$ cat model-v3.csv   # CSV, C-alpha atoms and all ligand atoms
chain,number,residue,atom,x,y,z
E,1,MET,CA,-11.8,13.6,13.7
E,2,ARG,CA,-9.4,12.4,11.0
E,3,HIS,CA,-9.7,9.3,8.9
E,4,LEU,CA,-7.3,7.9,6.3
E,5,ILE,CA,-9.4,6.8,3.3
E,6,ASP,CA,-7.2,8.1,0.4
E,7,ILE,CA,-3.5,8.9,0.6
E,8,MET,CA,-4.3,12.4,-0.5
E,9,ASP,CA,-6.1,12.9,2.8
E,10,LEU,CA,-2.6,13.5,4.2
E,11,THR,CA,-0.7,16.7,3.2
E,12,GLY,CA,2.9,16.4,2.1
E,13,LYS,CA,3.9,17.9,5.4
E,14,GLU,CA,2.0,15.3,7.3
E,15,ILE,CA,3.6,12.5,5.3
E,16,SER,CA,7.0,14.0,6.2
E,17,GLU,CA,6.0,14.1,9.9
E,18,LEU,CA,4.9,10.5,9.8
E,19,ILE,CA,8.2,9.5,8.3
E,20,SER,CA,10.1,11.4,11.1
E,21,THR,CA,8.0,9.6,13.7
E,22,ALA,CA,8.5,6.2,12.0
E,23,SER,CA,12.2,6.8,11.8
E,24,ASP,CA,12.3,7.5,15.5
E,25,ILE,CA,10.2,4.5,16.3
E,26,ALA,CA,12.6,2.3,14.3
E,27,ALA,CA,15.6,3.8,16.1
E,28,ARG,CA,14.2,3.6,19.7
E,29,PRO,CA,11.0,1.5,19.8
E,30,GLU,CA,11.0,1.3,23.6
E,31,ARG,CA,10.1,5.0,23.8
E,32,TYR,CA,6.7,4.1,22.2
E,33,ALA,CA,5.9,1.0,24.1
E,34,GLU,CA,3.1,2.5,26.2
E,35,CYS,CA,1.8,5.2,23.9
E,36,CYS,CA,-1.5,3.5,23.2
E,37,ARG,CA,-2.1,1.9,26.5
E,38,ARG,CA,-5.8,1.1,27.1
E,39,LYS,CA,-6.6,1.9,23.4
E,40,LYS,CA,-8.2,-0.7,21.1
E,41,LEU,CA,-7.8,-1.2,17.4
E,42,ALA,CA,-10.4,-3.1,15.5
E,43,THR,CA,-9.3,-4.8,12.3
E,44,LEU,CA,-12.3,-5.5,10.1
E,45,PHE,CA,-11.1,-7.5,7.2
E,46,PHE,CA,-13.8,-8.6,4.7
E,47,GLU,CA,-11.0,-9.7,2.3
E,48,PRO,CA,-8.0,-12.0,2.7
E,49,SER,CA,-4.8,-10.4,4.1
E,50,THR,CA,-1.6,-11.5,5.8
E,51,ARG,CA,0.7,-8.5,5.9
E,52,THR,CA,-1.7,-5.6,6.3
E,53,ARG,CA,-3.8,-7.1,9.1
E,54,LEU,CA,-0.9,-8.6,11.0
E,55,SER,CA,1.1,-5.4,10.5
E,56,PHE,CA,-1.7,-3.3,12.0
E,57,GLU,CA,-2.0,-5.8,14.9
E,58,ALA,CA,1.7,-5.8,15.5
E,59,ALA,CA,1.8,-2.0,15.3
E,60,MET,CA,-0.9,-1.7,17.9
E,61,TYR,CA,0.7,-4.2,20.3
E,62,GLU,CA,4.0,-2.5,20.0
E,63,LEU,CA,2.3,0.8,21.0
E,64,GLY,CA,1.0,-1.0,24.1
E,65,GLY,CA,-2.6,-1.2,22.8
E,66,GLN,CA,-5.0,-4.0,22.2
E,67,VAL,CA,-6.6,-5.5,19.1
E,68,LEU,CA,-9.9,-7.1,18.3
E,69,GLY,CA,-11.6,-7.9,15.0
E,70,PHE,CA,-12.2,-10.5,12.3
E,71,SER,CA,-10.3,-11.7,9.3
E,72,GLU,CA,-13.1,-12.8,6.9
E,73,ALA,CA,-16.5,-11.6,6.0
E,74,ALA,CA,-17.9,-15.1,6.7
E,75,SER,CA,-17.2,-14.8,10.4
E,76,SER,CA,-18.9,-11.4,10.8
E,77,SER,CA,-22.5,-10.3,10.7
E,78,ALA,CA,-21.9,-9.3,7.0
E,79,SER,CA,-22.8,-12.9,6.3
E,80,LYS,CA,-26.2,-12.2,7.9
E,81,GLY,CA,-26.7,-9.2,5.7
E,82,GLU,CA,-25.6,-6.4,8.0
E,83,SER,CA,-24.6,-3.2,6.2
E,84,VAL,CA,-21.0,-1.8,6.4
E,85,ALA,CA,-22.4,1.4,8.1
E,86,ASP,CA,-24.1,-0.6,10.9
E,87,THR,CA,-21.1,-2.9,11.4
E,88,ALA,CA,-18.8,0.2,11.7
E,89,ARG,CA,-21.2,2.0,14.1
E,90,VAL,CA,-21.3,-1.0,16.3
E,91,VAL,CA,-17.6,-1.6,16.3
E,92,GLY,CA,-17.0,2.1,17.0
E,93,CYS,CA,-18.7,1.4,20.4
E,94,TYR,CA,-16.0,-1.2,21.2
E,95,ALA,CA,-12.8,0.2,19.7
E,96,ASP,CA,-10.9,3.5,19.5
E,97,ILE,CA,-9.8,3.2,15.9
E,98,ILE,CA,-10.8,0.9,13.0
E,99,ALA,CA,-8.7,-0.5,10.1
E,100,MET,CA,-11.0,-1.9,7.4
E,101,ARG,CA,-10.4,-3.9,4.2
E,102,HIS,CA,-13.3,-4.5,1.9
E,103,PRO,CA,-13.8,-5.8,-1.7
E,104,LYS,CA,-16.1,-2.9,-2.5
E,105,GLU,CA,-14.6,0.4,-3.5
E,106,GLY,CA,-15.7,3.1,-1.1
E,107,ALA,CA,-16.7,0.8,1.8
E,108,PRO,CA,-14.2,2.4,4.3
E,109,MET,CA,-15.6,5.8,3.4
E,110,VAL,CA,-19.1,4.6,4.3
E,111,ALA,CA,-17.7,3.2,7.5
E,112,ALA,CA,-15.9,6.5,8.4
E,113,ALA,CA,-19.2,8.3,8.2
E,114,ALA,CA,-20.9,6.0,10.6
E,115,ALA,CA,-18.2,4.7,13.0
E,116,GLY,CA,-17.7,7.7,15.4
E,117,VAL,CA,-14.0,6.8,15.6
E,118,PRO,CA,-11.1,7.2,13.1
E,119,VAL,CA,-11.3,4.7,10.2
E,120,ILE,CA,-8.2,3.6,8.2
E,121,ASN,CA,-8.7,2.2,4.7
E,122,ALA,CA,-6.7,-1.0,4.6
E,123,GLY,CA,-7.5,-1.6,0.9
E,124,ASP,CA,-10.9,-1.1,-0.9
E,125,GLY,CA,-11.4,-3.3,-3.9
E,126,GLY,CA,-9.3,-2.2,-6.9
E,127,HIS,CA,-9.3,1.4,-5.7
E,128,HIS,CA,-6.8,2.5,-3.0
E,129,HIS,CA,-4.5,1.2,-0.3
E,130,PRO,CA,-3.0,4.2,1.5
E,131,THR,CA,-1.2,2.4,4.3
E,132,GLN,CA,0.7,0.3,1.8
E,133,THR,CA,1.7,3.6,0.2
E,134,LEU,CA,3.0,4.9,3.6
E,135,ALA,CA,5.2,1.7,3.7
E,136,ASP,CA,6.3,2.3,0.1
E,137,LEU,CA,7.1,6.0,0.7
E,138,PHE,CA,9.1,5.3,3.9
E,139,THR,CA,11.0,2.7,1.9
E,140,ILE,CA,11.7,5.0,-1.0
E,141,TYR,CA,12.8,7.7,1.5
E,142,ARG,CA,15.2,5.4,3.3
E,143,GLU,CA,16.6,3.9,0.1
E,144,LYS,CA,16.8,7.1,-2.0
E,145,GLY,CA,17.1,9.8,0.6
E,146,GLY,CA,14.0,11.7,-0.7
E,147,PHE,CA,11.4,11.7,-3.4
E,148,GLU,CA,12.5,14.3,-5.9
E,149,ASN,CA,13.8,13.6,-9.4
E,150,LEU,CA,13.1,9.9,-9.4
E,151,THR,CA,12.1,7.8,-12.4
E,152,VAL,CA,9.6,5.3,-11.1
E,153,GLY,CA,8.6,2.2,-13.0
E,154,LEU,CA,5.2,0.7,-12.1
E,155,CYS,CA,4.9,-2.8,-13.6
E,156,GLY,CA,2.3,-5.4,-13.8
E,157,ASP,CA,-1.4,-5.1,-13.1
E,158,LEU,CA,-1.8,-1.3,-13.1
E,159,LYS,CA,-5.6,-1.6,-13.7
E,160,PHE,CA,-6.7,-3.5,-10.6
E,161,GLY,CA,-3.6,-2.9,-8.4
E,162,ARG,CA,-4.8,-0.6,-5.7
E,163,THR,CA,-1.3,-0.1,-4.3
E,164,VAL,CA,-0.2,1.4,-7.7
E,165,HIS,CA,-3.1,3.9,-7.7
E,166,SER,CA,-2.3,5.2,-4.2
E,167,LEU,CA,1.5,5.3,-4.9
E,168,ALA,CA,1.1,7.2,-8.2
E,169,ALA,CA,-1.1,9.8,-6.4
E,170,ALA,CA,1.4,10.2,-3.5
E,171,MET,CA,4.5,10.5,-5.7
E,172,SER,CA,2.9,12.9,-8.1
E,173,ARG,CA,3.3,15.6,-5.4
E,174,TYR,CA,7.1,15.6,-5.7
E,175,SER,CA,9.0,17.6,-8.3
E,176,GLY,CA,11.0,15.9,-11.0
E,177,VAL,CA,9.1,12.5,-10.6
E,178,ARG,CA,8.6,10.6,-13.9
E,179,PHE,CA,6.6,7.4,-14.3
E,180,VAL,CA,7.2,4.6,-16.7
E,181,LEU,CA,3.9,2.6,-16.7
E,182,ILE,CA,4.7,-1.0,-17.7
E,183,SER,CA,1.8,-3.3,-18.4
E,184,PRO,CA,0.0,-5.4,-20.9
E,185,GLU,CA,-2.6,-3.4,-23.0
E,186,GLU,CA,-5.5,-4.9,-21.0
E,187,LEU,CA,-4.0,-4.0,-17.6
E,188,ARG,CA,-3.1,-0.3,-18.2
E,189,VAL,CA,-3.6,2.2,-15.5
E,190,PRO,CA,-7.3,3.4,-15.2
E,191,HIS,CA,-8.3,6.5,-17.1
E,192,TYR,CA,-9.0,8.5,-13.8
E,193,ILE,CA,-5.4,8.0,-12.7
E,194,VAL,CA,-4.1,9.3,-16.0
E,195,GLU,CA,-6.4,12.3,-16.1
E,196,ASP,CA,-6.9,13.3,-12.5
E,197,VAL,CA,-3.5,12.3,-11.0
E,198,LEU,CA,-0.9,12.4,-13.8
E,199,LYS,CA,-2.1,14.9,-16.3
E,200,ALA,CA,-3.8,17.2,-13.7
E,201,ASN,CA,-0.4,17.5,-11.9
E,202,GLY,CA,1.7,17.8,-15.0
E,203,VAL,CA,3.6,14.6,-14.2
E,204,PRO,CA,5.5,13.2,-17.1
E,205,PHE,CA,4.8,9.5,-17.9
E,206,ILE,CA,5.1,7.0,-20.7
E,207,GLU,CA,3.2,3.7,-21.1
E,208,THR,CA,5.1,0.7,-22.5
E,209,GLU,CA,4.7,-3.1,-22.6
E,210,SER,CA,8.4,-3.8,-22.3
E,211,LEU,CA,10.1,-4.2,-18.9
E,212,GLU,CA,13.4,-4.8,-20.6
E,213,ASP,CA,13.3,-1.5,-22.4
E,214,ALA,CA,12.3,0.5,-19.3
E,215,LEU,CA,14.6,-1.1,-16.8
E,216,PRO,CA,18.0,0.7,-17.4
E,217,GLU,CA,16.6,4.2,-16.8
E,218,LEU,CA,14.7,3.4,-13.5
E,219,ASP,CA,15.5,4.5,-10.0
E,220,VAL,CA,12.6,2.6,-8.5
E,221,LEU,CA,10.9,-0.5,-10.0
E,222,TYR,CA,7.6,-1.3,-8.3
E,223,MET,CA,6.4,-4.8,-9.4
E,224,THR,CA,2.9,-6.0,-8.8
E,225,ARG,CA,0.9,-9.2,-8.8
E,226,VAL,CA,-1.9,-9.7,-11.4
E,227,GLN,CA,-5.0,-9.3,-9.2
E,228,LYS,CA,-6.6,-12.7,-9.8
E,229,GLU,CA,-9.6,-12.0,-7.5
E,230,ARG,CA,-10.7,-9.0,-9.6
E,231,PHE,CA,-10.8,-10.8,-13.0
E,232,PHE,CA,-14.2,-11.8,-14.4
E,233,ASN,CA,-12.8,-14.7,-16.3
E,234,GLU,CA,-10.2,-17.3,-15.5
E,235,ALA,CA,-8.8,-17.6,-19.1
E,236,ASP,CA,-7.8,-13.9,-19.1
E,237,TYR,CA,-6.1,-14.3,-15.8
E,238,LEU,CA,-4.2,-17.3,-16.9
E,239,ARG,CA,-3.1,-15.5,-20.1
E,240,LEU,CA,-1.9,-12.4,-18.3
E,241,LYS,CA,-0.6,-13.7,-15.0
E,242,ASP,CA,3.0,-14.2,-16.0
E,243,SER,CA,3.4,-11.2,-18.2
E,244,TYR,CA,6.4,-9.9,-16.2
E,245,ILE,CA,8.9,-11.9,-14.3
E,246,LEU,CA,12.0,-10.1,-13.0
E,247,THR,CA,15.0,-12.4,-13.2
E,248,GLY,CA,18.6,-12.0,-12.3
E,249,LYS,CA,19.5,-11.9,-16.0
E,250,LYS,CA,17.1,-9.0,-16.6
E,251,LEU,CA,18.2,-7.1,-13.5
E,252,ALA,CA,21.8,-7.1,-14.9
E,253,ALA,CA,20.7,-4.3,-17.2
E,254,ALA,CA,19.4,-2.1,-14.3
E,255,ARG,CA,21.2,0.6,-12.3
E,256,SER,CA,23.3,-0.5,-9.4
E,257,ASP,CA,21.2,1.7,-7.1
E,258,LEU,CA,17.8,0.6,-8.4
E,259,ALA,CA,15.3,-0.1,-5.6
E,260,VAL,CA,13.2,-3.2,-6.5
E,261,MET,CA,9.9,-3.0,-4.6
E,262,HIS,CA,6.7,-5.2,-4.4
E,263,PRO,CA,3.8,-4.8,-2.0
E,264,LEU,CA,3.7,-8.6,-1.7
E,265,PRO,CA,2.3,-11.2,-1.9
E,266,ARG,CA,4.5,-12.2,-4.8
E,267,VAL,CA,3.3,-15.0,-7.1
E,268,ASN,CA,5.9,-15.2,-9.9
E,269,GLU,CA,6.8,-11.6,-10.6
E,270,ILE,CA,10.2,-11.6,-9.0
E,271,SER,CA,12.4,-14.6,-9.1
E,272,VAL,CA,13.7,-15.7,-5.7
E,273,GLU,CA,17.3,-15.5,-6.9
E,274,ILE,CA,16.9,-11.7,-6.5
E,275,ASP,CA,16.0,-11.8,-2.9
E,276,ASP,CA,19.6,-11.5,-1.8
E,277,ASP,CA,20.5,-8.8,-4.2
E,278,PRO,CA,21.2,-5.5,-2.4
E,279,ARG,CA,18.6,-3.9,-4.7
E,280,ALA,CA,15.7,-6.0,-3.4
E,281,CYS,CA,13.6,-3.9,-1.0
E,282,TYR,CA,10.4,-5.8,-0.8
E,283,PHE,CA,11.0,-7.4,2.6
E,284,LYS,CA,12.2,-4.0,3.9
E,285,GLN,CA,8.8,-2.6,2.9
E,286,VAL,CA,7.2,-5.1,5.3
E,287,ILE,CA,9.1,-3.8,8.3
E,288,ASN,CA,8.8,-0.1,7.2
E,289,GLY,CA,5.0,-0.6,6.9
E,290,LYS,CA,4.7,-1.6,10.6
E,291,PHE,CA,6.6,1.5,11.7
E,292,MET,CA,4.5,3.8,9.5
E,293,ARG,CA,1.3,2.2,10.8
E,294,MET,CA,2.5,2.8,14.3
E,295,ALA,CA,3.1,6.5,13.4
E,296,LEU,CA,-0.3,6.7,11.7
E,297,ILE,CA,-2.2,5.1,14.6
E,298,MET,CA,-0.6,7.6,17.0
E,299,LYS,CA,-1.5,10.5,14.7
E,300,LEU,CA,-5.1,9.5,14.3
E,301,LEU,CA,-5.6,8.8,18.0
E,302,GLU,CA,-3.8,12.1,18.8
E,303,VAL,CA,-1.4,10.5,21.2
E,304,GLU,CA,2.1,11.8,21.9
E,305,VAL,CA,5.2,9.9,22.9
Q,401,LIG,C1,-1.6,-5.7,-1.7
Q,401,LIG,C2,-3.1,-5.5,-1.7
Q,401,LIG,O1,-3.8,-6.1,-0.8
Q,401,LIG,O2,-3.5,-4.7,-2.5
Q,401,LIG,N1,-1.1,-6.5,-0.6
Q,401,LIG,C3,-0.7,-5.8,0.5
Q,401,LIG,O3,-1.5,-5.3,1.2
Q,401,LIG,N2,0.6,-5.7,0.7
Q,401,LIG,C4,-1.1,-6.2,-3.0
Q,401,LIG,C5,-1.7,-7.4,-3.6
Q,401,LIG,O4,-2.6,-8.1,-3.0
Q,401,LIG,O5,-1.3,-7.8,-4.7
$ encode --input "model-v3.csv" --output "structure tokens" --more "lines below"
Ligand code: NCD
Amino acid sequence: MRHLIDIMDLTGKEISELISTASDIAARPERYAECCRRKKLATLFFEPSTRTRLSFEAAMYELGGQVLGFSEAASSSASKGESVADTARVVGCYADIIAMRHPKEGAPMVAAAAAGVPVINAGDGGHHHPTQTLADLFTIYREKGGFENLTVGLCGDLKFGRTVHSLAAAMSRYSGVRFVLISPEELRVPHYIVEDVLKANGVPFIETESLEDALPELDVLYMTRVQKERFFNEADYLRLKDSYILTGKKLAAARSDLAVMHPLPRVNEISVEIDDDPRACYFKQVINGKFMRMALIMKLLEVEV
């Protein structure tokens, strides 16, 4: 049985196959409308979410399946002290597949060991978020035609931003990829990403505090929100929250074919005046994410069209 806990659980070939399936779903969704008939997805969200949970739910409904679950820890037995392993084992008796978001790093892995059905990590603390990465990869593929030889700027909260950690790992597989890591000193990418992902794979990268300096050379700019919920102290959050704001004026210095991405929710990081710029891809990521989640659910449930 396969789970998706870390984006590196999928090979490069499997990611290409998911992209092919997602492309076909986008082109002719009616072919897939009955694929998961009588199958149930459980969404166990112990942390707030709009996009990811609703995207999973929409994905399952569009495959003809059904959805059950909860959207906050307070409405589950976690509030009575039940362990993640027990909750997963119980839900595995009701559902064919589980998508779980949890504030603790590693919780979906614990669930996978107990559930008896495939478990998808829908975000674990400040660690990883592999299905957002599937959305991001499909978007980069559609916008850029592939992954090779891209200069990718990752900007904002690179320390706590789990989407950044998964995307950096996934992109480090492709040749000619370079990273420009743009963050305040306090929010630099964690040591394990630098050592085990970037250096271990020989991926060139630079770290800078200046978005303006980096912008002209980028093919992809991935903006992120400062992760308020992972700060220990409010004063630090307030000081850092508006470190980077992409405005139309700044964007004027960027390439005409730059892809501006953001996993959303956005707070202040991208000025709304950019939303209608052809380089803005963040709402495309939302729709691409649903198609990739559909492809992923089919793969893990081993259903064919
Ligand atoms: C992200 C997350 O939950 O990590 N949101 C999402 O799933 N699209 C990004 C964020 O919360 O900043």
$ residues_near_ligand --input "model-v3.csv" --ligand "ligand LIG 401 (chain Q)" --cutoff "8 Å" --atoms "all atoms listed in the file" --output "PyMOL selection string"
chain E and resi 49-52+122-123+126+128-129+132+161-163+224-227+262-266
$ closest_residue --input "model-v3.csv" --among "E:Arg188, E:Lys199, E:Arg293, E:Lys104" --to "Leu154 (chain E)" --atoms "all atoms listed in the file"
E:Arg188
$ residues_around --input "model-v3.csv" --residues "Tyr32 (chain E)" --least-positions-apart "3" --cutoff "9 Å" --atoms "all atoms listed in the file" --output "PyMOL selection string"
chain E and resi 25+28-29+35-36+62-64+304-305
$ closest_residue --input "model-v3.csv" --among "E:Met171, E:Ala235, E:Ala252, E:Ala214" --to "Gly12 (chain E)" --atoms "all atoms listed in the file"
E:Met171
$ residues_around --input "model-v3.csv" --residues "Ser71 (chain E)" --least-positions-apart "5" --cutoff "8 Å" --atoms "only C-alpha atoms" --output "list in words"
Thr43, Leu44, Phe45, Phe46, Glu47, Pro48, Ser49 and Arg53 of chain E
$ write_last_selection --input "model-v3.csv" --atoms "C-alpha atoms" --output "mmCIF file, keeping the file's coordinate frame"
data_model
loop_
_atom_site.group_PDB
_atom_site.id
_atom_site.type_symbol
_atom_site.label_atom_id
_atom_site.label_comp_id
_atom_site.auth_asym_id
_atom_site.auth_seq_id
_atom_site.Cartn_x
_atom_site.Cartn_y
_atom_site.Cartn_z
ATOM 1 C CA THR E 43 -9.300 -4.800 12.300
ATOM 2 C CA LEU E 44 -12.300 -5.500 10.100
ATOM 3 C CA PHE E 45 -11.100 -7.500 7.200
ATOM 4 C CA PHE E 46 -13.800 -8.600 4.700
ATOM 5 C CA GLU E 47 -11.000 -9.700 2.300
ATOM 6 C CA PRO E 48 -8.000 -12.000 2.700
ATOM 7 C CA SER E 49 -4.800 -10.400 4.100
ATOM 8 C CA ARG E 53 -3.800 -7.100 9.100
#
$ residues_around --input "model-v3.csv" --residues "Val117 (chain E)" --least-positions-apart "2" --cutoff "9 Å" --atoms "only C-alpha atoms" --output "number ranges by chain"
E: 1-3, 89, 92-93, 95-98, 112, 114-115, 119, 301
$ atom_distance --input "model-v3.csv" --atom1 "CA of Glu82 (chain E)" --atom2 "CA of Ile120 (chain E)"
20.1 Å
$ closest_residue --input "model-v3.csv" --among "E:Thr208, E:Thr131, E:Gln66, E:Asn268" --to "Lys39 (chain E)" --atoms "all atoms listed in the file"
E:Gln66
$ residues_around --input "model-v3.csv" --residues "Leu181 (chain E)" --least-positions-apart "5" --cutoff "12 Å" --atoms "only C-alpha atoms" --output "PDB file with C-alpha atoms, in the frame of the given file"
ATOM      1  CA  THR E 151      12.100   7.800 -12.400  1.00  0.00           C
ATOM      2  CA  VAL E 152       9.600   5.300 -11.100  1.00  0.00           C
ATOM      3  CA  GLY E 153       8.600   2.200 -13.000  1.00  0.00           C
ATOM      4  CA  LEU E 154       5.200   0.700 -12.100  1.00  0.00           C
ATOM      5  CA  CYS E 155       4.900  -2.800 -13.600  1.00  0.00           C
ATOM      6  CA  GLY E 156       2.300  -5.400 -13.800  1.00  0.00           C
ATOM      7  CA  ASP E 157      -1.400  -5.100 -13.100  1.00  0.00           C
ATOM      8  CA  LEU E 158      -1.800  -1.300 -13.100  1.00  0.00           C
ATOM      9  CA  LYS E 159      -5.600  -1.600 -13.700  1.00  0.00           C
ATOM     10  CA  VAL E 164      -0.200   1.400  -7.700  1.00  0.00           C
ATOM     11  CA  HIS E 165      -3.100   3.900  -7.700  1.00  0.00           C
ATOM     12  CA  ALA E 168       1.100   7.200  -8.200  1.00  0.00           C
ATOM     13  CA  LEU E 187      -4.000  -4.000 -17.600  1.00  0.00           C
ATOM     14  CA  ARG E 188      -3.100  -0.300 -18.200  1.00  0.00           C
ATOM     15  CA  VAL E 189      -3.600   2.200 -15.500  1.00  0.00           C
ATOM     16  CA  PRO E 190      -7.300   3.400 -15.200  1.00  0.00           C
ATOM     17  CA  ILE E 193      -5.400   8.000 -12.700  1.00  0.00           C
ATOM     18  CA  VAL E 194      -4.100   9.300 -16.000  1.00  0.00           C
ATOM     19  CA  LEU E 198      -0.900  12.400 -13.800  1.00  0.00           C
ATOM     20  CA  PRO E 204       5.500  13.200 -17.100  1.00  0.00           C
ATOM     21  CA  PHE E 205       4.800   9.500 -17.900  1.00  0.00           C
ATOM     22  CA  ILE E 206       5.100   7.000 -20.700  1.00  0.00           C
ATOM     23  CA  GLU E 207       3.200   3.700 -21.100  1.00  0.00           C
ATOM     24  CA  THR E 208       5.100   0.700 -22.500  1.00  0.00           C
ATOM     25  CA  GLU E 209       4.700  -3.100 -22.600  1.00  0.00           C
ATOM     26  CA  SER E 210       8.400  -3.800 -22.300  1.00  0.00           C
ATOM     27  CA  LEU E 211      10.100  -4.200 -18.900  1.00  0.00           C
ATOM     28  CA  ASP E 213      13.300  -1.500 -22.400  1.00  0.00           C
ATOM     29  CA  ALA E 214      12.300   0.500 -19.300  1.00  0.00           C
ATOM     30  CA  LEU E 215      14.600  -1.100 -16.800  1.00  0.00           C
ATOM     31  CA  LEU E 218      14.700   3.400 -13.500  1.00  0.00           C
ATOM     32  CA  VAL E 220      12.600   2.600  -8.500  1.00  0.00           C
ATOM     33  CA  LEU E 221      10.900  -0.500 -10.000  1.00  0.00           C
ATOM     34  CA  TYR E 222       7.600  -1.300  -8.300  1.00  0.00           C
ATOM     35  CA  MET E 223       6.400  -4.800  -9.400  1.00  0.00           C
ATOM     36  CA  THR E 224       2.900  -6.000  -8.800  1.00  0.00           C
TER      37      THR E 224
END
$ atom_distance --input "model-v3.csv" --atom1 "CA of Ser172 (chain E)" --atom2 "CA of Gly202 (chain E)"
8.5 Å
$ closest_residue --input "model-v3.csv" --among "E:Met8, E:Ile182, E:Leu41, E:Leu238" --to "Leu68 (chain E)" --atoms "all atoms listed in the file"
E:Leu41
$ build_atoms --input "model-v3.csv" --residues "region 115-121 of chain E" --atoms "all heavy atoms" --output "tab-separated table (two decimals), keeping the file's coordinate frame"
chain	number	residue	atom	x	y	z
E	115	ALA	N	-18.84	5.43	11.93
E	115	ALA	CA	-18.20	4.70	13.00
E	115	ALA	C	-18.05	5.57	14.32
E	115	ALA	O	-18.03	5.02	15.41
E	115	ALA	CB	-16.77	4.31	12.60
E	116	GLY	N	-17.90	6.88	14.18
E	116	GLY	CA	-17.70	7.70	15.40
E	116	GLY	C	-16.26	7.62	15.92
E	116	GLY	O	-15.95	8.21	16.96
E	117	VAL	N	-15.40	6.87	15.27
E	117	VAL	CA	-14.00	6.80	15.60
E	117	VAL	C	-13.18	6.84	14.30
E	117	VAL	O	-13.77	6.62	13.23
E	117	VAL	CB	-13.62	5.47	16.39
E	117	VAL	CG1	-14.37	5.39	17.71
E	117	VAL	CG2	-13.87	4.23	15.53
E	118	PRO	N	-11.86	7.12	14.36
E	118	PRO	CA	-11.10	7.20	13.10
E	118	PRO	C	-11.11	5.84	12.36
E	118	PRO	O	-11.01	4.77	12.98
E	118	PRO	CB	-9.68	7.52	13.57
E	118	PRO	CG	-9.85	8.18	14.90
E	118	PRO	CD	-11.04	7.51	15.53
E	119	VAL	N	-11.27	5.91	11.04
E	119	VAL	CA	-11.30	4.70	10.20
E	119	VAL	C	-10.09	4.80	9.21
E	119	VAL	O	-9.87	5.85	8.60
E	119	VAL	CB	-12.59	4.56	9.41
E	119	VAL	CG1	-12.51	3.42	8.39
E	119	VAL	CG2	-13.75	4.31	10.38
E	120	ILE	N	-9.37	3.70	9.10
E	120	ILE	CA	-8.20	3.60	8.20
E	120	ILE	C	-8.63	2.63	7.06
E	120	ILE	O	-9.05	1.50	7.35
E	120	ILE	CB	-6.97	3.11	8.87
E	120	ILE	CG1	-6.59	4.05	10.02
E	120	ILE	CG2	-5.83	2.97	7.87
E	120	ILE	CD1	-5.48	3.50	10.92
E	121	ASN	N	-8.47	3.06	5.82
E	121	ASN	CA	-8.70	2.20	4.70
E	121	ASN	C	-7.52	1.24	4.52
E	121	ASN	O	-6.41	1.68	4.20
E	121	ASN	CB	-8.90	3.05	3.42
E	121	ASN	CG	-9.07	2.25	2.15
E	121	ASN	OD1	-9.15	1.02	2.19
E	121	ASN	ND2	-9.15	2.94	1.03
